[in-house]
Structure formats: C-alpha cells, structure tokens
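Here's the structure we're looking at; comments come further down.
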There are 2 protein chains.
Amino acid sequence: MPELGSDHMYEKIAGVLRDQILIGDLRPGSRLPTQAQLSDDFHVSRTVARQALDLIEAEGLIDRIQGGGAFVRRYQPLLRRSALHYRSDPGAPFAEETLASERVPRYSHRTYPDRAGADIAKRLNIRVGDDVMRTIYTSYADDQPVMIVDSCEPLAITRGTPIERPEEGPLLGAGIVPRFTSIGLRPTAVVERLRSRMPRPSEIEALELRPGTPITTIVRISYCGDTPVETADLLLAADSYELEYALKVDPE
Amino acid sequence: MPELGSDHMYEKIAGVLRDQILIGDLRPGSRLPTQAQLSDDFHVSRTVARQALDLIEAEGLIDRIQGGGAFVRRYQPLLRRSALHYRSDPGAPFAEETLASERVPRYSHRTYPDRAGADIAKRLNIRVGDDVMRTIYTSYADDQPVMIVDSCEPLAITRGTPIERPEEGPLLGAGIVPRFTSIGLRPTAVVERLRSRMPRPSEIEALELRPGTPITTIVRISYCGDTPVETADLLLAADSYELEYALKVDPE
DNA sequence: TGACCTTACTTGGTATGCCAACCTTGGCAT
DNA sequence: ATGCCAAGGTTGGCATACCAAGTAAGGTCA
C-alpha cells in the first residue's frame with residue numbers, strides 16, 4: 001500500500017531518521033549521526049546527507065547547530081483553553097496555562113491610543129480613523145516567545161472607564177470578560193477565526209521560530225450583544241500551543 | 001530594526017522572490033524566473049538559485065514542476081464554521097461550506113463496527129474492547145482531498161437505532177447534533193482540541209499535500225450532558241481551511 | 001485538423017571540492 | 001582551580017559538473 005521508501009537516497013535517509021525519531025528510538029534532545037557518518041553509512045555524498053537533514057528539519061523534527069550537530073526536537077505545547085480565556089471570574093489565563101505546563105510565564109505589553117484602520121474599523125463596526133486603545137502583548141514561556149497579541153478596543157466605549165488601559169488597575173492580566181463586565185458590558189460572545197501556515201521572516205524573528213514550525217493566526221472579535229467591544233490579532237507558534245475550544249450546543 | 005536581507009545569497013534571492021509574491025508583483029499562478037535566469041541575474045551558481053527556491057517552497061509560496069518551472073501558489077481556503085457544524089437543523093455542513101467557496105463538494109466514507117482502543121475508550125468513557133461504530137470520511141473540494149475524519153460512536157448507545165450507521169437514512173451528511181437529537185439524545189457540548197504541525201509522509205500522501213503545507217489535527221468529543229456520544233480525529237490540510245469558532249460566554 | 005514525435009529547455013538527484021563559521025575539548029599558563 | 005587558546009571535528013555556503021526525467025513547443029505525418 002503506502003509506497004513509502006522512495007528511490008531517492010536523500011528521502012530514504014530522511015525516512016530512516018524520521019522513523020527513528022517518531023518511534024522514539026532517537027529520543028528528544030539526542031544527537032543524530034554526523035553528516036560524515038551518514039554519508040559513510042549510506043554510501044552517498046555529504047551533499048545527499050545534508051539534503052536528508054534539510055528535509056526532516058523542514059518537517060520540524062530536528063534542530064541543527066552549525067559546528068554542533070543535529071538534535072531531535074522537543075515538543076511540549078501549552079494548552080490554550082477557550083473555557084479558561086473566556087470565563088467570567090477574574091484571573092490570569094496566560095499565567096495559568098503556562099504554569100499548568102510547569103513553565104514560567106512572562107509577558108510584556110505596550111498600550112497606546114491609535115486610530116482604526118479599515119480592517120479594525122470593520123471588525124469593530126466603527127468608522128475608519130475612530131479612536132481605539134491599542135495594546136500589543138508578547139507572551140513568553142520560560143523566556144521563549146510563544147504568542148503575540150495585537151488588541152484594539154474602541155475608545156468610544158472604554159474612554160474614562162477604569163479599564164481604558166487594559167494593563168492597569170486590579171484586573172491586570174485578566175481576560176476580556178471580567179474586564180468589560182466590570183464596566184457593565186458583559187461580553188456575550190467571542191468569535192475566533194484561525195489559519196495555520198508557514199511563517200514570514202518577520203514572524204520568524206518575532207517568535208524566534210525554528211525551521212519547520214508553522215504559525216497559527218487568530219482573528220478575534222468579542223461582542224456584547226451585537227456590539228463588538230474588542231478585537232485582536234493573535235500570532236501563535238504552532239509548536240508551542242494546543243488549542244481547545246469548548247462549544248455549547250444551543251437548545252433548538 | 002528588522003535585519004532582513006541576509007548576507008547569504010540564497011536567502012537574498014528568496015527574499016526578493018518572496019517579496020514579489022507577497023506584494024502581488026508576482027500573481028498566483030504566474031511563473032517564476034528559471035533557475036538559470038536567477039543564477040544569471042544574481043551572479044550565483046544554479047545550486048544557489050535552487051536553494052532559494054527550496055526555501056520559499058518550504059514556506060508554501062510556490063509549486064514546482066520538474067521540467068516545467070516554479071509557479072506562485074494559490075490560496076483559497078474553505079471556511080469551517082463551528083456554528084454550521086454544530087447547529088441543530090439537519091443539513092450538510094461540508095457541502096454547504098464547500099459550495100460557499102464555489103467549489104464542488106464530494107466525500108467518500110466507510111463504516112464498520114470496531115472495538116475501542118485505549119484512546120477511544122478513554123474519550124468515550126467506555127471500556128477497551130467495547131463495540132463502536134467507526135466511520136472514516138475523506139472529503140474533497142473540486143476533487144482535491146481537504147479533510148479526513150475518523151469518527152467513533154459507542155454502539156451501546158446507537159445499536160438498533162436509525163442512526164446506527166451514520167451514512168444511512170434521511171440524515172445523510174448531516175452533523176452529529178441533528179443525528180443524535182433524532183434518537184432523543186440532543187448533544188449539549190462539543191470539545192475540539194487542535195494542533196498544527198508539518199505532516200508525516202502518510203499524511204502527505206492521504207491529503208496530497210504540497211511542500212510547505214502544514215496540517216491541523218482536531219480531536220473532537222461530543223457530549224450529551226456528561227456522556228460522550230461521539231469522538232473523532234480530523235485531519236485538515238491547513239492551506240485548505242480557515243476555522244471559525246463562535247463561542248458563547250456563559251452568564252456567570 | 002488532429003495525433004504523434006522530435007528537440008530544446010528546465011528541473012531534480014547526486015558527486016566533489018573548497019573554505020568559512022562554529023562548537024568542543026584538551027592542554028597550557030596563571 | 002580557573003581562564004585562555006589552539007586544534008580538530010562538524011556544519012553551512014557555494015561553485016562545478018553530469019545525467020536523468022519531465023515539460024513545452026514546433027514540425028511532421030496521416
């Protein structure tokens with residue numbers, strides 16, 4: 001059935017290494033044979049051994065260090081749960097989900113007033129140029145960047161309220177539900193739209209992505225009834241996250 | 001600022017081509033310069049031109065045809081909406097979402113009784129070896145495979161009912177909500193857990209994936225109250241799908 | 001006009017070779 | 001013991017070269 005085991009040597013070598021990695025014969029962190037070793041073992045040139053490593057590197061299975069060797073990559077994703085992020089009680093979803101994986105959470109942010117562009121305006125159902133409060137977060141787990149969030153809230157709604165600046169006050173690090181609830185605008189729905197693809201160079205740099213790592217982009221809009229109260233673009237390193245969506249089926 | 005523009009020629013060439021593609025200078029479907037052309041233009045060997053193409057191919061930006069050339073890849077994902085799949089009315093979610101993108105839906109399936117393995121048993125809260133009805137779907141849009149679903153339902157629940165075999169009877173192609181509702185077990189919640197990563201060879205084959213295309217795996221469990229009534233493993237071609245989750249925030 | 005075939009073009013697989021960059025380790029000196 | 005440095009090992013970037021395999025286009029033949 002599966003015609004695996006191509007007649008091309010570089011694919012054959014890659015296949016052997018891939019199998020050893022996936023079977024667990026080669027454990028995470030362990031070192032692969034050197035290129036010289038591989039070319040010896042398989043009776044091919046180093047060129048071909050390198051192509052084989054190129055291949056499984058693009059599959060996200062190994063890390064390569066110039067002068068150092070190739071090593072089996074670890075996979076330890078965080079779990080991002082909708083139930084955690086969009087619950088009512090205050091709390092720090094990101095910190096909790098990071099600690100749940102026994103890793104150290106940290107994030108930085110920058111908040112500033114901005115004007116809505118065409119895209120944001122459409123999402124928030126406001127006019128282009130209208131004032132919004134914009135916050136950009138970078139989240140780290142064990143000092144490794146795992147997520148970047150670019151969030152916008154219409155100032156027409158939040159201006160003058162205690163939550164005008166998201167990262168000030170008692171609800172620091174809390175989700176949007178408790179925040180807007182605190183000003184009497186309890187969110188009723190959140191819509192997330194996601195895509196996964198290979199990253200652009202700027203994204204590779206921002207998330208310090210290694211080769212063979214896809215990213216997931218999420219466009220989020222939070223509603224209170226029919227009015228959008230917040231929108232955000234999330235950028236996640238796909239190898240750092242598993243996403244869980246808990247959906248309630250409405251009764252008729 | 002962004003130190004884009006490496007000092008390595010293959011990255012430089014890849015950068016130029018990538019920019020032209022992303023800017024839209026090179027339109028989807030259009031042909032890139034030949035390797036010979038590139039090596040001429042940039043004064044490098046064909047080896048380096050090939051490396052540059054290898055790179056943007058791994059990013060999912062181009063398709064290459066031996067003897068034919070390299071072409072800018074198209075991106076036309078379907079939209080998979082939770083609201084569509086888990087609504088109450090009967091209907092054919094996959095057909096609808098495919099037609100919504102003006103493409104031709106088609107799917108094949110195979111249904112057979114099976115025994116639960118450790119994983120399935122745990123998800124369905126039954127014992128290992130218990131009877132389940134298993135159905136494997138392969139869905140196509142314009143004859144291209146875009147999704148594979150491996151679904152299991154405990155026969156302890158469905159045996160003898162009209163929905164024992166999912167793809168028989170009047171609710172053909174319908175979602176799980178109307179199906180289980182028809183036997184008096186209206187599902188109340190669905191949990192989906194997703195991951196994105198580069199595909200294994202078997203997955204590349206099954207979904208006819210091109211290089212640089214990640215996949216998204218979804219583990220789904222459908223509940224009626226606290227009892228799991230169905231579980232499934234979904235495998236999606238990431239370049240064929242955009243996923244939308246509409247979440248209702250529960251009132252305190 | 002349509003089917004077929006030849007030919008030039010283009011890409012893919014692989015071998016060699018060379019040097020730069022980087023890591024690792026062991027030895028030396030303080 | 002500690003720090004520094006040199007040497008060897010290993011990977012990365014790139015040039016050349018050759019042949020196989022596949023495409024595309026034009027010409028021939030029916």
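Simple scheme: letters A, B, ... for chains in structure tokens order, numbers from 1 for residues in each chain, numbers from 1 for ligands in the order shown.
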
Note to self: Based on only C-alpha atoms, which of the residues in chain A come within 8 Å of chain B? I want them as a PyMOL selection string.
What the structure shows: chain A and resi 2+4+58-60+86-88+187-202+212-216+238-239+241-252

Residues of the last selection are to be written out with C-alpha atoms, as a CSV table (one decimal), in the first residue's frame.
chain,number,residue,atom,x,y,z
A,2,PRO,CA,1.9,3.1,1.1
A,4,LEU,CA,7.0,4.9,1.3
A,58,ALA,CA,11.7,21.3,7.3
A,59,GLU,CA,9.3,18.9,9.0
A,60,GLY,CA,10.2,20.3,12.3
A,86,TYR,CA,-13.4,33.5,28.2
A,87,ARG,CA,-14.7,32.6,31.6
A,88,SER,CA,-16.3,35.2,33.9
A,187,PRO,CA,-19.4,40.1,26.7
A,188,THR,CA,-21.9,37.5,25.4
A,189,ALA,CA,-19.9,36.0,22.5
A,190,VAL,CA,-16.5,35.7,21.1
A,191,VAL,CA,-15.6,34.7,17.6
A,192,GLU,CA,-12.2,33.4,16.7
A,193,ARG,CA,-11.1,32.7,13.1
A,194,LEU,CA,-7.9,30.8,12.7
A,195,ARG,CA,-5.4,29.9,10.0
A,196,SER,CA,-2.2,28.0,10.0
A,197,ARG,CA,0.6,28.4,7.6
A,198,MET,CA,4.4,28.7,7.4
A,199,PRO,CA,5.7,32.0,8.8
A,200,ARG,CA,7.1,35.1,7.1
A,201,PRO,CA,10.6,36.2,8.0
A,202,SER,CA,9.2,38.9,10.3
A,212,GLY,CA,9.7,23.6,10.1
A,213,THR,CA,7.5,25.5,12.6
A,214,PRO,CA,4.1,26.7,11.4
A,215,ILE,CA,2.3,29.6,12.9
A,216,THR,CA,-1.4,30.0,13.7
A,238,ALA,CA,2.2,26.3,16.4
A,239,ASP,CA,4.7,24.1,18.2
A,241,TYR,CA,0.3,25.6,21.5
A,242,GLU,CA,-2.5,23.2,21.5
A,243,LEU,CA,-5.9,24.9,21.3
A,244,GLU,CA,-9.0,23.7,23.0
A,245,TYR,CA,-12.5,25.0,22.1
A,246,ALA,CA,-15.4,24.1,24.3
A,247,LEU,CA,-18.6,24.7,22.4
A,248,LYS,CA,-22.0,24.7,23.9
A,249,VAL,CA,-24.7,23.5,21.5
A,250,ASP,CA,-27.7,25.7,21.8
A,251,PRO,CA,-31.0,24.0,22.5
A,252,GLU,CA,-33.0,24.4,19.3

Next item on the list: Hey, list the chain B side of the contact with chain C: 9 Å cut-off, only C-alpha atoms (C1' of nucleotides), answer as a list of chain:residue names.
Entry: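 Applying the cut-off to the listed atoms yields B:Thr34, B:Gln35, B:Ala36, B:Arg64, B:Ile65, B:Gln66, B:Gly67, B:Gly68, B:Gly69.
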
Could you produce a table of the residues of chain D lying within 9 Å of chain B, with the nearest pair of atoms per residue and their separation in Å rounded to one decimal, using only C-alpha atoms (C1' of nucleotides), ordered by chain and increasing residue number, as a Markdown table?
| residue | atom | partner | partner_atom | distance |
| --- | --- | --- | --- | --- |
| D:DG13 | C1' | B:His8 | CA | 7.5 |
| D:DC14 | C1' | B:Val48 | CA | 7.0 |
| D:DA15 | C1' | B:Ser45 | CA | 6.3 |
| D:DT16 | C1' | B:Ser45 | CA | 8.5 |
| D:DA21 | C1' | B:Gln66 | CA | 7.8 |
| D:DG22 | C1' | B:Gly67 | CA | 4.8 |
| D:DT23 | C1' | B:Gly67 | CA | 4.8 |
| D:DA24 | C1' | B:Gly68 | CA | 7.9 |

With C-alpha atoms (C1' of nucleotides) kept, could you save the residues just selected as a PDB file, in the first residue's frame?
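Wrote it out as part_2.pdb, contents follow:
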ATOM      1  C1'  DG D  13      27.563  28.359   1.865  1.00  0.00           C
ATOM      2  C1'  DC D  14      28.749  27.937  -2.611  1.00  0.00           C
ATOM      3  C1'  DA D  15      30.923  26.562  -7.326  1.00  0.00           C
ATOM      4  C1'  DT D  16      31.110  22.849 -10.934  1.00  0.00           C
ATOM      5  C1'  DA D  21      13.420  12.994 -16.042  1.00  0.00           C
ATOM      6  C1'  DG D  22       9.945  15.791 -17.253  1.00  0.00           C
ATOM      7  C1'  DT D  23       7.794  19.820 -19.934  1.00  0.00           C
ATOM      8  C1'  DA D  24       6.772  22.553 -23.853  1.00  0.00           C
TER       9       DA D  24
END

Which of stretch 9-251 of chain B end up as alpha helix (DSSP H) when DSSP is run on this backbone - answer as an mmCIF file with N, CA and C atoms, in the first residue's frame?
data_model
loop_
_atom_site.group_PDB
_atom_site.id
_atom_site.type_symbol
_atom_site.label_atom_id
_atom_site.label_comp_id
_atom_site.auth_asym_id
_atom_site.auth_seq_id
_atom_site.Cartn_x
_atom_site.Cartn_y
_atom_site.Cartn_z
ATOM 1 N N MET B 9 23.524 34.604 -0.184
ATOM 2 C CA MET B 9 22.855 34.861 -1.455
ATOM 3 C C MET B 9 21.535 34.107 -1.598
ATOM 4 N N TYR B 10 21.486 32.875 -1.152
ATOM 5 C CA TYR B 10 20.248 32.118 -1.366
ATOM 6 C C TYR B 10 19.088 32.730 -0.580
ATOM 7 N N GLU B 11 19.433 33.325 0.573
ATOM 8 C CA GLU B 11 18.380 33.985 1.344
ATOM 9 C C GLU B 11 17.999 35.312 0.702
ATOM 10 N N LYS B 12 18.975 35.950 0.130
ATOM 11 C CA LYS B 12 18.704 37.223 -0.517
ATOM 12 C C LYS B 12 17.759 37.012 -1.703
ATOM 13 N N ILE B 13 18.079 36.012 -2.511
ATOM 14 C CA ILE B 13 17.235 35.712 -3.670
ATOM 15 C C ILE B 13 15.834 35.312 -3.211
ATOM 16 N N ALA B 14 15.795 34.450 -2.222
ATOM 17 C CA ALA B 14 14.494 34.025 -1.692
ATOM 18 C C ALA B 14 13.714 35.243 -1.210
ATOM 19 N N GLY B 15 14.422 36.171 -0.585
ATOM 20 C CA GLY B 15 13.765 37.378 -0.082
ATOM 21 C C GLY B 15 13.149 38.196 -1.193
ATOM 22 N N VAL B 16 13.876 38.347 -2.266
ATOM 23 C CA VAL B 16 13.362 39.116 -3.400
ATOM 24 C C VAL B 16 12.111 38.445 -3.970
ATOM 25 N N LEU B 17 12.203 37.154 -4.184
ATOM 26 C CA LEU B 17 11.060 36.434 -4.747
ATOM 27 C C LEU B 17 9.870 36.450 -3.790
ATOM 28 N N ARG B 18 10.150 36.227 -2.529
ATOM 29 C CA ARG B 18 9.073 36.223 -1.528
ATOM 30 C C ARG B 18 8.352 37.559 -1.526
ATOM 31 N N ASP B 19 9.125 38.629 -1.534
ATOM 32 C CA ASP B 19 8.515 39.948 -1.524
ATOM 33 C C ASP B 19 7.640 40.150 -2.756
ATOM 34 N N GLN B 20 8.162 39.770 -3.902
ATOM 35 C CA GLN B 20 7.378 39.940 -5.123
ATOM 36 C C GLN B 20 6.075 39.160 -5.048
ATOM 37 N N ILE B 21 6.143 37.994 -4.434
ATOM 38 C CA ILE B 21 4.933 37.174 -4.316
ATOM 39 C C ILE B 21 3.949 37.801 -3.331
ATOM 40 N N LEU B 22 4.446 38.216 -2.186
ATOM 41 C CA LEU B 22 3.557 38.729 -1.149
ATOM 42 C C LEU B 22 3.000 40.099 -1.509
ATOM 43 N N ILE B 23 3.802 40.895 -2.173
ATOM 44 C CA ILE B 23 3.322 42.196 -2.626
ATOM 45 C C ILE B 23 2.267 42.026 -3.709
ATOM 46 N N GLN B 35 15.715 28.738 -13.037
ATOM 47 C CA GLN B 35 16.903 28.673 -12.196
ATOM 48 C C GLN B 35 18.098 29.274 -12.925
ATOM 49 N N ALA B 36 18.179 29.005 -14.205
ATOM 50 C CA ALA B 36 19.282 29.553 -14.995
ATOM 51 C C ALA B 36 19.198 31.084 -15.001
ATOM 52 N N GLN B 37 17.979 31.573 -15.164
ATOM 53 C CA GLN B 37 17.764 33.014 -15.174
ATOM 54 C C GLN B 37 18.197 33.636 -13.852
ATOM 55 N N LEU B 38 17.772 33.022 -12.776
ATOM 56 C CA LEU B 38 18.121 33.538 -11.450
ATOM 57 C C LEU B 38 19.631 33.522 -11.232
ATOM 58 N N SER B 39 20.279 32.436 -11.624
ATOM 59 C CA SER B 39 21.718 32.363 -11.383
ATOM 60 C C SER B 39 22.441 33.405 -12.229
ATOM 61 N N ASP B 40 21.882 33.697 -13.400
ATOM 62 C CA ASP B 40 22.433 34.780 -14.215
ATOM 63 C C ASP B 40 22.249 36.126 -13.516
ATOM 64 N N ASP B 41 20.987 36.416 -13.205
ATOM 65 C CA ASP B 41 20.639 37.713 -12.629
ATOM 66 C C ASP B 41 21.428 38.028 -11.364
ATOM 67 N N ARG B 46 23.821 27.725 -10.138
ATOM 68 C CA ARG B 46 22.449 27.233 -10.133
ATOM 69 C C ARG B 46 22.125 26.587 -8.801
ATOM 70 N N THR B 47 23.122 26.016 -8.168
ATOM 71 C CA THR B 47 22.941 25.446 -6.828
ATOM 72 C C THR B 47 22.252 26.434 -5.902
ATOM 73 N N VAL B 48 22.748 27.655 -5.919
ATOM 74 C CA VAL B 48 22.227 28.666 -5.003
ATOM 75 C C VAL B 48 20.814 29.076 -5.400
ATOM 76 N N ALA B 49 20.585 29.199 -6.698
ATOM 77 C CA ALA B 49 19.231 29.520 -7.153
ATOM 78 C C ALA B 49 18.264 28.435 -6.682
ATOM 79 N N ARG B 50 18.703 27.206 -6.755
ATOM 80 C CA ARG B 50 17.856 26.104 -6.314
ATOM 81 C C ARG B 50 17.603 26.179 -4.818
ATOM 82 N N GLN B 51 18.628 26.523 -4.061
ATOM 83 C CA GLN B 51 18.445 26.651 -2.614
ATOM 84 C C GLN B 51 17.407 27.725 -2.294
ATOM 85 N N ALA B 52 17.463 28.805 -3.043
ATOM 86 C CA ALA B 52 16.500 29.890 -2.819
ATOM 87 C C ALA B 52 15.077 29.384 -3.060
ATOM 88 N N LEU B 53 14.907 28.639 -4.142
ATOM 89 C CA LEU B 53 13.582 28.104 -4.445
ATOM 90 C C LEU B 53 13.169 27.056 -3.407
ATOM 91 N N ASP B 54 14.129 26.262 -2.968
ATOM 92 C CA ASP B 54 13.838 25.292 -1.904
ATOM 93 C C ASP B 54 13.224 26.011 -0.704
ATOM 94 N N LEU B 55 13.816 27.151 -0.407
ATOM 95 C CA LEU B 55 13.392 27.880 0.782
ATOM 96 C C LEU B 55 11.951 28.371 0.671
ATOM 97 N N ILE B 56 11.643 29.085 -0.397
ATOM 98 C CA ILE B 56 10.283 29.609 -0.498
ATOM 99 C C ILE B 56 9.266 28.510 -0.813
ATOM 100 N N GLU B 57 9.768 27.398 -1.299
ATOM 101 C CA GLU B 57 8.865 26.259 -1.468
ATOM 102 C C GLU B 57 8.479 25.713 -0.099
ATOM 103 N N ALA B 58 9.465 25.629 0.787
ATOM 104 C CA ALA B 58 9.194 25.137 2.143
ATOM 105 C C ALA B 58 8.297 26.102 2.903
ATOM 106 N N SER B 82 -17.877 26.559 13.234
ATOM 107 C CA SER B 82 -18.454 25.724 14.283
ATOM 108 C C SER B 82 -19.966 25.900 14.303
ATOM 109 N N ALA B 83 -20.400 27.120 14.041
ATOM 110 C CA ALA B 83 -21.830 27.399 14.075
ATOM 111 C C ALA B 83 -22.578 26.572 13.037
ATOM 112 N N LEU B 84 -21.895 26.270 11.958
ATOM 113 C CA LEU B 84 -22.524 25.486 10.893
ATOM 114 C C LEU B 84 -22.516 23.998 11.234
ATOM 115 N N HIS B 85 -21.413 23.541 11.775
ATOM 116 C CA HIS B 85 -21.278 22.113 12.034
ATOM 117 C C HIS B 85 -22.077 21.637 13.239
ATOM 118 N N PRO B 93 -23.282 20.254 6.385
ATOM 119 C CA PRO B 93 -22.290 21.302 6.639
ATOM 120 C C PRO B 93 -21.148 21.318 5.627
ATOM 121 N N PHE B 94 -20.574 20.159 5.370
ATOM 122 C CA PHE B 94 -19.424 20.157 4.469
ATOM 123 C C PHE B 94 -19.813 20.621 3.074
ATOM 124 N N ALA B 95 -20.930 20.136 2.591
ATOM 125 C CA ALA B 95 -21.384 20.545 1.261
ATOM 126 C C ALA B 95 -21.613 22.050 1.226
ATOM 127 N N GLU B 96 -22.228 22.556 2.277
ATOM 128 C CA GLU B 96 -22.525 23.994 2.295
ATOM 129 C C GLU B 96 -21.279 24.850 2.311
ATOM 130 N N GLU B 97 -20.327 24.478 3.149
ATOM 131 C CA GLU B 97 -19.140 25.320 3.240
ATOM 132 C C GLU B 97 -18.288 25.233 1.977
ATOM 133 N N THR B 98 -18.365 24.110 1.305
ATOM 134 C CA THR B 98 -17.615 23.962 0.066
ATOM 135 C C THR B 98 -18.262 24.793 -1.042
ATOM 136 N N LEU B 99 -19.581 24.687 -1.135
ATOM 137 C CA LEU B 99 -20.305 25.467 -2.134
ATOM 138 C C LEU B 99 -20.165 26.965 -1.876
ATOM 139 N N ALA B 100 -20.049 27.319 -0.603
ATOM 140 C CA ALA B 100 -19.893 28.741 -0.266
ATOM 141 C C ALA B 100 -18.628 29.310 -0.887
ATOM 142 N N ALA B 118 -7.460 1.925 23.456
ATOM 143 C CA ALA B 118 -7.285 2.624 24.731
ATOM 144 C C ALA B 118 -7.691 4.085 24.618
ATOM 145 N N ASP B 119 -7.255 4.723 23.538
ATOM 146 C CA ASP B 119 -7.508 6.145 23.378
ATOM 147 C C ASP B 119 -8.997 6.433 23.223
ATOM 148 N N ILE B 120 -9.623 5.725 22.308
ATOM 149 C CA ILE B 120 -11.054 5.925 22.052
ATOM 150 C C ILE B 120 -11.884 5.603 23.294
ATOM 151 N N ALA B 121 -11.509 4.535 23.959
ATOM 152 C CA ALA B 121 -12.247 4.135 25.165
ATOM 153 C C ALA B 121 -12.213 5.250 26.209
ATOM 154 N N LYS B 122 -11.067 5.825 26.359
ATOM 155 C CA LYS B 122 -10.930 6.887 27.348
ATOM 156 C C LYS B 122 -11.791 8.094 26.978
ATOM 157 N N ARG B 123 -11.748 8.443 25.696
ATOM 158 C CA ARG B 123 -12.535 9.595 25.262
ATOM 159 C C ARG B 123 -14.029 9.366 25.436
ATOM 160 N N LEU B 124 -14.468 8.152 25.102
ATOM 161 C CA LEU B 124 -15.906 7.862 25.134
ATOM 162 C C LEU B 124 -16.357 7.353 26.495
ATOM 163 N N LEU B 155 -21.532 1.793 20.279
ATOM 164 C CA LEU B 155 -22.701 1.032 19.858
ATOM 165 C C LEU B 155 -23.656 0.784 21.014
ATOM 166 N N ALA B 156 -23.145 0.881 22.213
ATOM 167 C CA ALA B 156 -24.029 0.740 23.372
ATOM 168 C C ALA B 156 -25.132 1.786 23.314
ATOM 169 N N ILE B 157 -24.842 2.895 22.637
ATOM 170 C CA ILE B 157 -25.835 3.956 22.536
ATOM 171 C C ILE B 157 -26.653 3.858 21.253
ATOM 172 N N THR B 158 -25.963 3.604 20.139
ATOM 173 C CA THR B 158 -26.663 3.709 18.857
ATOM 174 C C THR B 158 -27.208 2.387 18.325
ATOM 175 N N ILE B 176 -23.634 15.898 13.701
ATOM 176 C CA ILE B 176 -23.965 14.986 14.782
ATOM 177 C C ILE B 176 -25.124 15.470 15.635
ATOM 178 N N VAL B 177 -25.317 16.769 15.686
ATOM 179 C CA VAL B 177 -26.382 17.294 16.544
ATOM 180 C C VAL B 177 -27.759 16.792 16.101
ATOM 181 N N PRO B 178 -28.147 17.024 14.857
ATOM 182 C CA PRO B 178 -29.454 16.517 14.439
ATOM 183 C C PRO B 178 -29.529 14.991 14.479
ATOM 184 N N ARG B 179 -28.435 14.325 14.224
ATOM 185 C CA ARG B 179 -28.465 12.866 14.238
ATOM 186 C C ARG B 179 -28.796 12.333 15.630
ATOM 187 N N PHE B 180 -28.074 12.779 16.619
ATOM 188 C CA PHE B 180 -28.340 12.255 17.961
ATOM 189 C C PHE B 180 -29.636 12.799 18.548
ATOM 190 N N THR B 181 -29.990 13.995 18.111
ATOM 191 C CA THR B 181 -31.265 14.539 18.563
ATOM 192 C C THR B 181 -32.416 13.639 18.096
ATOM 193 N N PRO B 201 4.817 11.634 6.172
ATOM 194 C CA PRO B 201 4.674 11.144 4.792
ATOM 195 C C PRO B 201 3.310 10.537 4.506
ATOM 196 N N SER B 202 2.769 9.769 5.463
ATOM 197 C CA SER B 202 1.470 9.148 5.219
ATOM 198 C C SER B 202 0.383 10.197 5.081
ATOM 199 N N GLU B 203 0.528 11.281 5.838
ATOM 200 C CA GLU B 203 -0.462 12.355 5.760
ATOM 201 C C GLU B 203 -0.317 13.144 4.462
ATOM 202 N N ILE B 204 0.929 13.309 4.039
ATOM 203 C CA ILE B 204 1.183 13.989 2.768
ATOM 204 C C ILE B 204 0.503 13.230 1.647
ATOM 205 N N GLU B 205 0.599 11.911 1.738
ATOM 206 C CA GLU B 205 0.018 11.080 0.695
ATOM 207 C C GLU B 205 -1.509 11.135 0.735
ATOM 208 N N ALA B 206 -2.052 11.009 1.939
ATOM 209 C CA ALA B 206 -3.502 10.933 2.077
ATOM 210 C C ALA B 206 -4.186 12.223 1.635
#

Next item on the list: Mind listing the strand (DSSP E) residues of stretch 95-188 of chain B, per DSSP on the backbone, as a ChimeraX atom specification?
Entry: /B:105-115,131-141,144-154

Next item on the list: Would you list the contacts of A:Tyr140 as a list in words, taking every protein, DNA or RNA residue within 9 Å and counting only C-alpha atoms (C1' of nucleotides), but skipping same-chain residues closer than 3 positions in sequence?
Entry: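 Listed by chain and then number, they are Thr98, Val104, Pro105, Arg106, Tyr107, Ser108, Asp143, Gln144, Pro145, Val146 and Met147 of chain A.
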
Write a file of the selected residues as a PDB file, in the first residue's frame, keeping C-alpha atoms.
ATOM      1  CA  THR A  98       1.764  28.321  31.341  1.00  0.00           C
ATOM      2  CA  VAL A 104       7.473  30.227  33.776  1.00  0.00           C
ATOM      3  CA  PRO A 105       5.057  32.790  32.340  1.00  0.00           C
ATOM      4  CA  ARG A 106       6.057  36.310  31.482  1.00  0.00           C
ATOM      5  CA  TYR A 107       4.737  38.963  29.185  1.00  0.00           C
ATOM      6  CA  SER A 108       5.423  42.470  28.103  1.00  0.00           C
ATOM      7  CA  ASP A 143      11.607  33.180  28.303  1.00  0.00           C
ATOM      8  CA  GLN A 144      10.704  31.871  24.905  1.00  0.00           C
ATOM      9  CA  PRO A 145       8.205  33.954  22.942  1.00  0.00           C
ATOM     10  CA  VAL A 146       5.113  31.884  22.201  1.00  0.00           C
ATOM     11  CA  MET A 147       2.400  34.381  21.349  1.00  0.00           C
TER      12      MET A 147
END
